[in-house]
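A.B. asks: Got a file for you: protein_14.csv, CSV, C-alpha atoms and all ligand atoms.
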```
chain,number,residue,atom,x,y,z
A,1025,MET,CA,-22.7,46.4,12.1
A,1026,GLY,CA,-24.4,44.4,9.4
A,1027,ASP,CA,-22.6,43.5,6.2
A,1028,LYS,CA,-22.4,46.2,3.5
A,1029,LEU,CA,-20.3,47.0,0.5
A,1030,VAL,CA,-20.0,50.5,-0.9
A,1031,ARG,CA,-18.6,52.0,-4.0
A,1032,ALA,CA,-17.1,55.5,-3.7
A,1033,THR,CA,-14.7,58.0,-5.2
A,1034,ALA,CA,-12.5,60.7,-3.8
A,1035,GLN,CA,-10.6,63.7,-5.2
A,1036,ASN,CA,-13.0,64.3,-8.1
A,1037,GLY,CA,-13.1,60.7,-9.2
A,1038,SER,CA,-9.4,60.3,-9.5
A,1039,ILE,CA,-9.5,57.7,-6.7
A,1040,ARG,CA,-11.8,54.8,-7.0
A,1041,ILE,CA,-12.8,53.0,-3.7
A,1042,PHE,CA,-14.5,49.8,-2.8
A,1043,GLY,CA,-15.0,49.1,0.9
A,1044,ALA,CA,-17.0,46.4,2.8
A,1045,ILE,CA,-17.9,45.0,6.1
A,1046,THR,CA,-18.2,41.2,5.6
A,1047,THR,CA,-18.4,39.8,9.1
A,1048,ASP,CA,-21.7,37.8,8.6
A,1049,MET,CA,-20.7,36.6,5.2
A,1050,VAL,CA,-17.3,35.2,6.4
A,1051,ASP,CA,-18.9,33.8,9.6
A,1052,LYS,CA,-21.3,31.8,7.4
A,1053,ALA,CA,-18.6,30.5,5.1
A,1054,VAL,CA,-16.3,29.5,8.0
A,1055,LYS,CA,-19.1,27.6,9.7
A,1056,ILE,CA,-20.0,25.8,6.4
A,1057,HIS,CA,-16.4,24.8,5.9
A,1058,ASP,CA,-15.7,24.1,9.6
A,1059,CYS,CA,-12.5,26.2,9.5
A,1060,ALA,CA,-9.7,26.3,12.0
A,1061,ALA,CA,-8.5,29.9,12.9
A,1062,THR,CA,-5.8,30.3,10.3
A,1063,ALA,CA,-8.0,28.7,7.6
A,1064,ALA,CA,-10.8,31.0,8.6
A,1065,ALA,CA,-8.6,34.1,8.2
A,1066,ALA,CA,-7.3,33.0,4.8
A,1067,LEU,CA,-10.8,32.0,3.4
A,1068,GLY,CA,-12.3,35.2,4.9
A,1069,ARG,CA,-9.8,37.5,3.3
A,1070,MET,CA,-10.2,35.8,-0.1
A,1071,LEU,CA,-14.0,36.0,0.1
A,1072,THR,CA,-13.9,39.7,1.2
A,1073,ALA,CA,-11.5,40.4,-1.8
A,1074,GLY,CA,-13.9,38.5,-4.1
A,1075,SER,CA,-16.9,40.6,-3.0
A,1076,LEU,CA,-15.0,43.8,-3.5
A,1077,MET,CA,-13.7,42.8,-6.9
A,1078,GLY,CA,-17.2,41.5,-7.9
A,1079,ALA,CA,-18.4,45.0,-7.3
A,1080,MET,CA,-15.9,46.3,-9.8
A,1081,MET,CA,-17.5,44.3,-12.7
A,1082,LYS,CA,-19.3,46.3,-15.3
A,1083,SER,CA,-21.6,43.6,-16.7
A,1084,ASP,CA,-24.2,41.6,-14.8
A,1085,ARG,CA,-23.2,38.5,-16.7
A,1086,GLU,CA,-19.6,38.7,-15.7
A,1087,THR,CA,-18.1,36.4,-13.0
A,1088,LEU,CA,-14.7,36.5,-11.4
A,1089,THR,CA,-12.7,33.7,-9.9
A,1090,LEU,CA,-9.7,34.2,-7.6
A,1091,GLN,CA,-7.3,31.4,-7.0
A,1092,ILE,CA,-4.3,31.5,-4.7
A,1093,SER,CA,-2.1,28.4,-4.3
A,1094,GLY,CA,1.4,28.8,-2.8
A,1095,GLY,CA,2.4,25.3,-1.7
A,1096,GLY,CA,1.5,25.9,1.9
A,1097,GLU,CA,-0.6,23.8,4.2
A,1098,ALA,CA,-3.8,25.7,3.2
A,1099,GLN,CA,-3.6,23.8,-0.1
A,1100,GLY,CA,-5.0,26.8,-2.0
A,1101,VAL,CA,-8.1,29.0,-1.7
A,1102,VAL,CA,-10.7,29.5,-4.5
A,1103,VAL,CA,-13.4,32.1,-4.6
A,1104,THR,CA,-16.0,33.0,-7.2
A,1105,ALA,CA,-17.6,36.4,-7.1
A,1106,TYR,CA,-20.6,37.9,-8.9
A,1107,PRO,CA,-21.5,41.5,-9.7
A,1108,ASN,CA,-24.3,41.6,-7.1
A,1109,GLY,CA,-22.0,41.1,-4.1
A,1110,LYS,CA,-22.6,37.3,-3.8
A,1111,VAL,CA,-19.5,35.1,-3.4
A,1112,LYS,CA,-18.8,31.4,-2.9
A,1113,GLY,CA,-15.5,29.8,-2.0
A,1114,TYR,CA,-13.5,27.1,-0.3
A,1115,ILE,CA,-10.1,26.4,1.1
A,1116,GLY,CA,-8.2,23.1,0.2
A,1117,ASN,CA,-7.4,22.3,3.9
A,1118,PRO,CA,-9.9,23.9,6.3
A,1119,SER,CA,-8.0,22.4,9.3
A,1120,VAL,CA,-4.8,24.5,8.7
A,1121,ASP,CA,-4.0,26.2,12.0
A,1122,LEU,CA,-0.5,27.7,12.4
A,1123,PRO,CA,1.1,29.5,15.4
A,1124,ALA,CA,0.8,33.3,15.2
A,1125,ASN,CA,3.3,35.2,13.1
A,1126,SER,CA,5.9,37.6,14.4
A,1127,ASN,CA,3.3,40.4,14.6
A,1128,GLY,CA,1.0,38.2,16.7
A,1129,LYS,CA,-1.4,37.8,13.8
A,1130,LEU,CA,-2.9,34.7,12.3
A,1131,ASP,CA,-0.2,33.5,9.9
A,1132,VAL,CA,-2.2,33.6,6.6
A,1133,GLY,CA,1.0,34.1,4.6
A,1134,GLY,CA,2.6,31.0,6.1
A,1135,ALA,CA,-0.6,28.9,5.5
A,1136,ILE,CA,-0.8,30.0,1.8
A,1137,GLY,CA,2.9,29.8,1.1
A,1138,THR,CA,4.8,31.8,-1.5
A,1139,ASN,CA,5.7,29.1,-4.0
A,1140,GLY,CA,3.0,29.7,-6.6
A,1141,ASN,CA,0.6,32.2,-8.2
A,1142,LEU,CA,-2.4,34.3,-7.7
A,1143,LEU,CA,-4.8,33.9,-10.6
A,1144,VAL,CA,-7.6,36.3,-11.5
A,1145,ILE,CA,-10.0,34.7,-14.0
A,1146,ARG,CA,-12.6,37.1,-15.5
A,1147,ASP,CA,-15.4,35.4,-17.4
A,1148,MET,CA,-17.2,37.9,-19.4
A,1149,GLY,CA,-19.5,35.5,-21.2
A,1150,LEU,CA,-17.1,35.3,-24.2
A,1151,LYS,CA,-15.5,32.2,-25.5
A,1152,GLU,CA,-12.3,32.4,-23.5
A,1153,PRO,CA,-12.1,33.9,-20.0
A,1154,TYR,CA,-9.4,36.4,-19.4
A,1155,VAL,CA,-6.7,35.1,-17.0
A,1156,GLY,CA,-4.3,37.4,-15.1
A,1157,GLN,CA,-1.6,35.9,-13.1
A,1158,VAL,CA,1.2,37.1,-10.7
A,1159,PRO,CA,3.6,35.2,-8.5
A,1160,ILE,CA,2.6,35.2,-4.9
A,1161,TYR,CA,4.4,38.1,-3.1
A,1162,THR,CA,3.7,37.4,0.7
A,1163,GLY,CA,0.7,35.1,0.7
A,1164,GLU,CA,-1.1,37.6,3.0
A,1165,ILE,CA,-3.6,38.1,0.1
A,1166,GLY,CA,-4.0,41.9,0.4
A,1167,ASP,CA,-0.4,42.5,-0.6
A,1168,ASP,CA,-0.7,40.0,-3.4
A,1169,LEU,CA,-3.8,41.6,-4.8
A,1170,ALA,CA,-2.2,45.1,-4.6
A,1171,TYR,CA,0.7,43.6,-6.6
A,1172,TYR,CA,-1.7,42.1,-9.1
A,1173,PHE,CA,-3.6,45.4,-9.7
A,1174,THR,CA,-0.4,47.4,-10.1
A,1175,SER,CA,1.6,45.0,-12.3
A,1176,SER,CA,-1.1,43.1,-14.2
A,1177,GLU,CA,-3.8,45.8,-14.6
A,1178,GLN,CA,-1.5,48.8,-14.5
A,1179,THR,CA,-3.7,50.4,-11.7
A,1180,PRO,CA,-1.7,51.4,-8.6
A,1181,SER,CA,-3.8,50.1,-5.8
A,1182,ALA,CA,-3.9,49.6,-2.0
A,1183,VAL,CA,-5.7,46.6,-0.6
A,1184,GLY,CA,-6.6,46.1,3.0
A,1185,LEU,CA,-8.2,42.9,4.2
A,1186,GLY,CA,-8.9,41.8,7.7
A,1187,VAL,CA,-10.6,38.9,9.6
A,1188,LEU,CA,-10.7,38.8,13.4
A,1189,VAL,CA,-11.4,35.2,14.6
A,1190,GLY,CA,-12.9,34.8,18.0
A,1191,LYS,CA,-11.8,32.1,20.5
A,1192,ASP,CA,-14.9,30.1,19.7
A,1193,LEU,CA,-14.0,30.3,16.0
A,1194,SER,CA,-16.9,32.6,15.2
A,1195,ILE,CA,-15.9,35.7,13.2
A,1196,SER,CA,-15.8,38.9,15.4
A,1197,ALA,CA,-15.1,41.2,12.5
A,1198,ALA,CA,-14.2,41.0,8.8
A,1199,GLY,CA,-13.9,43.6,6.1
A,1200,GLY,CA,-11.7,45.3,3.6
A,1201,PHE,CA,-11.1,47.9,1.0
A,1202,ILE,CA,-9.5,48.4,-2.4
A,1203,ILE,CA,-8.3,51.9,-3.3
A,1204,GLN,CA,-7.3,52.6,-6.8
A,1205,MET,CA,-5.5,55.5,-8.4
A,1206,MET,CA,-7.2,56.3,-11.7
A,1207,PRO,CA,-5.3,57.9,-14.6
A,1208,GLY,CA,-4.8,61.6,-13.6
A,1209,ALA,CA,-4.5,61.0,-9.9
A,1210,SER,CA,-1.7,63.1,-8.5
A,1211,GLU,CA,1.3,61.4,-6.9
A,1212,LEU,CA,1.0,63.7,-4.0
A,1213,VAL,CA,-2.5,62.3,-3.2
A,1214,ALA,CA,-1.2,58.7,-3.7
A,1215,ASP,CA,1.6,59.5,-1.1
A,1216,LEU,CA,-0.9,61.0,1.3
A,1217,ILE,CA,-3.1,57.9,1.1
A,1218,THR,CA,-0.2,55.6,1.6
A,1219,TYR,CA,0.7,57.7,4.7
A,1220,ARG,CA,-2.9,57.6,6.0
A,1221,LEU,CA,-3.1,53.9,5.6
A,1222,GLN,CA,0.0,53.4,7.7
A,1223,GLU,CA,-1.5,55.6,10.4
A,1224,ILE,CA,-5.0,54.3,10.8
A,1225,PRO,CA,-6.0,51.3,13.0
A,1226,SER,CA,-6.7,48.0,11.2
A,1227,ILE,CA,-10.1,47.6,9.5
A,1228,THR,CA,-11.1,45.0,12.0
A,1229,ASP,CA,-10.3,47.4,14.9
A,1230,MET,CA,-12.5,50.0,13.3
A,1231,ILE,CA,-15.3,47.5,12.8
A,1232,MET,CA,-15.0,46.4,16.4
A,1233,LYS,CA,-15.5,50.0,17.4
A,1234,CYS,CA,-18.9,49.8,15.6
A,1235,MET,CA,-17.9,52.1,12.8
A,1236,SER,CA,-20.0,51.6,9.6
A,1237,ILE,CA,-18.2,51.2,6.3
A,1238,GLU,CA,-19.1,54.8,5.4
A,1239,GLU,CA,-17.6,56.0,8.6
A,1240,ILE,CA,-14.4,54.0,8.0
A,1241,LEU,CA,-14.0,55.5,4.5
A,1242,GLU,CA,-14.8,59.0,5.7
A,1243,TYR,CA,-12.1,58.5,8.3
A,1244,ILE,CA,-9.5,57.3,5.8
A,1245,PHE,CA,-10.4,60.0,3.2
A,1246,GLU,CA,-11.0,62.9,5.5
A,1247,ASP,CA,-10.7,66.2,3.5
A,1248,MET,CA,-10.4,64.3,0.2
A,1249,ASP,CA,-14.0,64.9,-1.2
A,1250,LEU,CA,-15.2,61.3,-0.4
A,1251,ASN,CA,-18.3,60.6,-2.6
A,1252,ILE,CA,-20.3,57.4,-1.7
A,1253,LEU,CA,-21.9,56.3,-5.0
A,1254,ASP,CA,-24.0,53.2,-4.0
A,1255,SER,CA,-24.0,50.1,-2.0
A,1256,LEU,CA,-24.5,46.3,-2.2
A,1257,MET,CA,-25.2,43.5,0.2
A,1258,PRO,CA,-22.3,41.1,0.2
A,1259,SER,CA,-23.3,37.5,1.0
A,1260,PHE,CA,-22.0,33.9,0.8
A,1261,GLU,CA,-24.3,31.9,-1.5
A,1262,CYS,CA,-23.8,28.9,-3.6
A,1263,ASP,CA,-25.6,28.4,-6.9
A,1264,CYS,CA,-25.2,24.6,-7.0
A,1265,SER,CA,-28.3,22.5,-7.7
A,1266,ARG,CA,-29.2,18.9,-8.3
A,1267,GLU,CA,-29.6,19.7,-12.0
A,1268,ARG,CA,-26.1,21.1,-12.2
A,1269,VAL,CA,-24.6,18.1,-10.4
A,1270,GLU,CA,-26.5,15.8,-12.6
A,1271,LYS,CA,-24.9,17.5,-15.7
A,1272,ALA,CA,-21.5,17.1,-14.1
A,1273,LEU,CA,-22.2,13.4,-13.4
A,1274,ILE,CA,-23.3,12.9,-17.0
A,1275,SER,CA,-20.1,14.6,-18.2
A,1276,ILE,CA,-17.9,11.9,-16.7
A,1277,GLY,CA,-19.0,9.8,-19.7
A,1278,ARG,CA,-21.2,6.8,-20.4
A,1279,LYS,CA,-18.4,4.3,-19.8
A,1280,ASP,CA,-17.7,5.5,-16.3
A,1281,LEU,CA,-21.3,5.9,-15.4
A,1282,GLU,CA,-22.1,2.4,-16.7
A,1283,GLU,CA,-19.3,1.1,-14.5
A,1284,ILE,CA,-20.8,2.8,-11.4
A,1285,TYR,CA,-24.3,1.5,-12.3
A,1286,SER,CA,-23.1,-2.1,-13.0
A,1287,GLU,CA,-21.4,-2.2,-9.6
A,1288,GLY,CA,-24.8,-1.5,-8.0
A,1289,LYS,CA,-23.4,1.5,-6.1
A,1290,ASP,CA,-25.0,4.8,-5.2
A,1291,GLU,CA,-22.9,7.9,-6.0
A,1292,GLU,CA,-22.5,10.8,-3.6
A,1293,ILE,CA,-21.2,14.1,-5.0
A,1294,LYS,CA,-20.2,17.0,-2.7
A,1295,CYS,CA,-20.1,20.6,-3.8
A,1296,HIS,CA,-16.7,22.0,-3.0
A,1297,PHE,CA,-18.0,25.5,-2.5
A,1298,CYS,CA,-20.8,24.8,0.0
A,1299,ASN,CA,-20.3,21.2,1.1
A,1300,SER,CA,-23.9,20.3,0.0
A,1301,SER,CA,-24.2,16.6,-0.7
A,1302,TYR,CA,-26.1,15.2,-3.6
A,1303,VAL,CA,-26.8,11.4,-3.5
A,1304,PHE,CA,-27.7,9.6,-6.7
A,1305,LYS,CA,-29.3,6.2,-6.0
A,1306,ASN,CA,-28.2,3.4,-8.2
A,1307,LYS,CA,-31.6,3.3,-9.8
A,1308,GLU,CA,-31.3,7.0,-10.6
A,1309,ILE,CA,-27.9,6.5,-12.3
A,1310,GLY,CA,-29.6,3.9,-14.4
A,1311,GLU,CA,-32.3,6.4,-15.4
A,1312,LEU,CA,-29.6,9.0,-16.3
A,1313,LEU,CA,-27.9,6.4,-18.5
A,1314,ARG,CA,-31.1,5.7,-20.3
A,1315,ASN,CA,-31.6,9.4,-20.9
A,1316,ILE,CA,-28.2,10.2,-22.3
B,1,ZN,ZN,-22.7,24.4,-3.7
```
Show the structure stored in the file as structure tokens.

C.D. replies:
Amino acid sequence: MGDKLVRATAQNGSIRIFGAITTDMVDKAVKIHDCAATAAAALGRMLTAGSLMGAMMKSDRETLTLQISGGGEAQGVVVTAYPNGKVKGYIGNPSVDLPANSNGKLDVGGAIGTNGNLLVIRDMGLKEPYVGQVPIYTGEIGDDLAYYFTSSEQTPSAVGLGVLVGKDLSISAAGGFIIQMMPGASELVADLITYRLQEIPSITDMIMKCMSIEEILEYIFEDMDLNILDSLMPSFECDCSRERVEKALISIGRKDLEEIYSEGKDEEIKCHFCNSSYVFKNKEIGELLRNI
């Protein structure tokens, strides 16, 4: 199944649903960052969450950044998402590779750690971005986001995120969903959904069975008036460019730039998000200095 993200409602709009298959998107990111298995699962879950939350944004100019840093070997994961389904992100330590946890699953919670916070930074193009923050609950990311929505945004939510990493470290399946109870949703329905989510196979199992995201949601919300609203194409894309990196280089200040220039050195700057490398020859640094 190709990647796809859908927005939907159920029970006459009292339940809001975002669901996605992100296998290709996560595979691309994991290859760019050369991730070990546990790192791949952690980064993939964060990227999937980012694309789902990007699809919640109301304005085209809005961006959202998710940061989780719990003191574990992963050294944090950062993801930036846009309203059109595009995401970019990186993990502090792409080599983190832990033994499986007690459920036989990749130990994302162990890699992230629980000594820190999950931050949700919403930049709506205003002067100050809005920053929401919760302490990390399990470090498994889905649980932490559910806790964030419920406590910080007062929207009871269920979040499922899954990444299945193959033996060759390619991504066999990745996807997720966010289910939110809007004001007016009945408690009975909330209980029913909680029960269904405990009964169903994992999202990666369903993707492996070649179910589409629509089929997966139809399965979860059987007899609950599922209404698919629209869809987006999630993708991993970085928006860095030589011009942007040049601006960042200028922003270190004339004094530091002059120092680099006078030492006769070239300067290489790598984009954290996509590992692209930008090399500024010493002569070019001289030109930048003249143009400041
Ligand atoms: Zn980049």

A.B. asks: At a cut-off of 8 Å and counting all atoms listed in the file, what residues surround ligand ZN 1 (chain B)? Please answer as a list of chain:residue names.

C.D. replies: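 Counting only what the definition allows, namely all atoms listed in the file, the set is A:Glu1261, A:Cys1262, A:Asp1263, A:Cys1264, A:Ser1265, A:Lys1294, A:Cys1295, A:His1296, A:Phe1297, A:Cys1298, A:Asn1299, A:Ser1300.
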
A.B. asks: How far is it from atom CA of Arg1266 of chain A to atom CA of Arg1314 of chain A, in Å with one decimal?

C.D. replies: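 Computing it gives 17.9 Å between the two atoms.
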
A.B. asks: Taking all atoms listed in the file into account, name the residue in A:Asp1215, A:Ser1259, A:Thr1062, A:Gly1037 that is nearest to Ala1124 of chain A.

C.D. replies: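 That would be A:Thr1062, the residue with the smallest distance to Ala1124 of chain A.
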
A.B. asks: Looking at all atoms listed in the file, which of A:Ala1197, A:Ala1098, A:Val1303, A:Leu1076 is the one that sits closest to Met1235 of chain A?

C.D. replies: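 Closest candidate: A:Ala1197.
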
A.B. asks: Ranking A:Ile1136, A:Thr1218, A:Tyr1114, A:Lys1271 by minimum distance to Asp1168 of chain A and counting all atoms listed in the file, which one comes first?

C.D. replies: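 Comparing A:Ile1136, A:Thr1218, A:Tyr1114, A:Lys1271 against Asp1168 of chain A, the winner is A:Ile1136.
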
A.B. asks: Please report, as CSV, each residue of segment 1185-1243 of chain A lying at most 12 Å from segment 1077-1096 of chain A, together with the nearest pair of atoms and the separation in Å rounded to one decimal; use all atoms listed in the file, and order rows by chain and ascending residue number.

C.D. replies:
```
residue,atom,partner,partner_atom,distance
A:Gly1200,CA,A:Met1077,CA,11.0
A:Phe1201,CA,A:Met1077,CA,9.8
A:Ile1202,CA,A:Met1077,CA,8.3
A:Ile1203,CA,A:Met1077,CA,11.2
A:Gln1204,CA,A:Met1080,CA,11.1
```

A.B. asks: For each of A:Ser1226, A:Leu1312, A:Met1206, A:Ile1240, take the minimum atom-to-atom distance to Ile1039 of chain A, counting all atoms listed in the file, then give the residue where this is smallest.

C.D. replies: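 Between A:Ser1226, A:Leu1312, A:Met1206, A:Ile1240, the residue approaching Ile1039 of chain A most closely is A:Met1206.
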
A.B. asks: Show me, as a PyMOL selection string, the residues that have an atom within 9 Å of Asn1306 of chain A when counting all atoms listed in the file, minus same-chain residues fewer than 5 positions from it.

C.D. replies: chain A and resi 1284-1291+1311

A.B. asks: Restrict the selected residues to C-alpha atoms and save them as a PDB file, in the frame of the given file.

C.D. replies:
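The result, stored in part33.pdb:
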```pdb
ATOM      1  CA  ILE A1284     -20.800   2.800 -11.400  1.00  0.00           C
ATOM      2  CA  TYR A1285     -24.300   1.500 -12.300  1.00  0.00           C
ATOM      3  CA  SER A1286     -23.100  -2.100 -13.000  1.00  0.00           C
ATOM      4  CA  GLU A1287     -21.400  -2.200  -9.600  1.00  0.00           C
ATOM      5  CA  GLY A1288     -24.800  -1.500  -8.000  1.00  0.00           C
ATOM      6  CA  LYS A1289     -23.400   1.500  -6.100  1.00  0.00           C
ATOM      7  CA  ASP A1290     -25.000   4.800  -5.200  1.00  0.00           C
ATOM      8  CA  GLU A1291     -22.900   7.900  -6.000  1.00  0.00           C
ATOM      9  CA  GLU A1311     -32.300   6.400 -15.400  1.00  0.00           C
TER      10      GLU A1311
END
```

A.B. asks: Rounded to one decimal place, report the atom CA of Val1187 of chain A-atom CA of Asp1249 of chain A distance in Å.

C.D. replies: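 Atom CA of Asp1249 of chain A lies 28.4 Å from atom CA of Val1187 of chain A.
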
A.B. asks: Need to verify the contact set: segment 1228-1232 of chain A, 8 Å, all atoms listed in the file, exclusion of same-chain residues closer than 5 positions in sequence. Can you return it as an MDAnalysis selection string?

C.D. replies: chainID A and resid 1025 1045 1186:1188 1196:1199 1240

A.B. asks: Could you turn the residues from that selection into a file that holds C-alpha atoms, as a short mmCIF file (atom, residue, chain, number, x, y, z; two decimals), in the coordinates of the input?

C.D. replies:
```
data_model
loop_
_atom_site.label_atom_id
_atom_site.label_comp_id
_atom_site.auth_asym_id
_atom_site.auth_seq_id
_atom_site.Cartn_x
_atom_site.Cartn_y
_atom_site.Cartn_z
CA MET A 1025 -22.70 46.40 12.10
CA ILE A 1045 -17.90 45.00 6.10
CA GLY A 1186 -8.90 41.80 7.70
CA VAL A 1187 -10.60 38.90 9.60
CA LEU A 1188 -10.70 38.80 13.40
CA SER A 1196 -15.80 38.90 15.40
CA ALA A 1197 -15.10 41.20 12.50
CA ALA A 1198 -14.20 41.00 8.80
CA GLY A 1199 -13.90 43.60 6.10
CA ILE A 1240 -14.40 54.00 8.00
#
```

A.B. asks: How many Å lie between atom CA of Glu1223 of chain A and atom CA of Ala1034 of chain A, rounded to one decimal?

C.D. replies: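 One can read the atom CA of Glu1223 of chain A to atom CA of Ala1034 of chain A distance as 18.7 Å.
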
A.B. asks: Could you please give me, as a list of chain:residue names, the residues of protein, DNA or RNA lying at most 8 Å from (-7.6, 24.9, 4.1) in the coordinate frame of the file, considering only C-alpha atoms?

C.D. replies: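 The residues near that point, listed by chain and number, are A:Cys1059, A:Ala1063, A:Leu1067, A:Glu1097, A:Ala1098, A:Gln1099, A:Gly1100, A:Val1101, A:Tyr1114, A:Ile1115, A:Gly1116, A:Asn1117, A:Pro1118, A:Ser1119, A:Val1120.
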
A.B. asks: Which centre and which edge lengths, in Å to one decimal, describe the axis-aligned box that holds all listed atoms of segment 1164-1180 of chain A after 5 Å is added on each side, as JSON?

C.D. replies:
```
{"center_x": -1.2, "center_y": 44.5, "center_z": -5.8, "size_x": 15.6, "size_y": 23.8, "size_z": 27.6}
```

A.B. asks: Tell me which of A:Met1049, A:Ala1105, A:Leu1256, A:Met1248 sits closest to Val1213 of chain A, counting only C-alpha atoms.

C.D. replies: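 Smallest distance to Val1213 of chain A is found for A:Met1248.
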
A.B. asks: Using all atoms listed in the file, which residue out of A:Phe1304, A:Tyr1154, A:Phe1042, A:Tyr1171 lies closest to Glu1238 of chain A?

C.D. replies: A:Phe1042
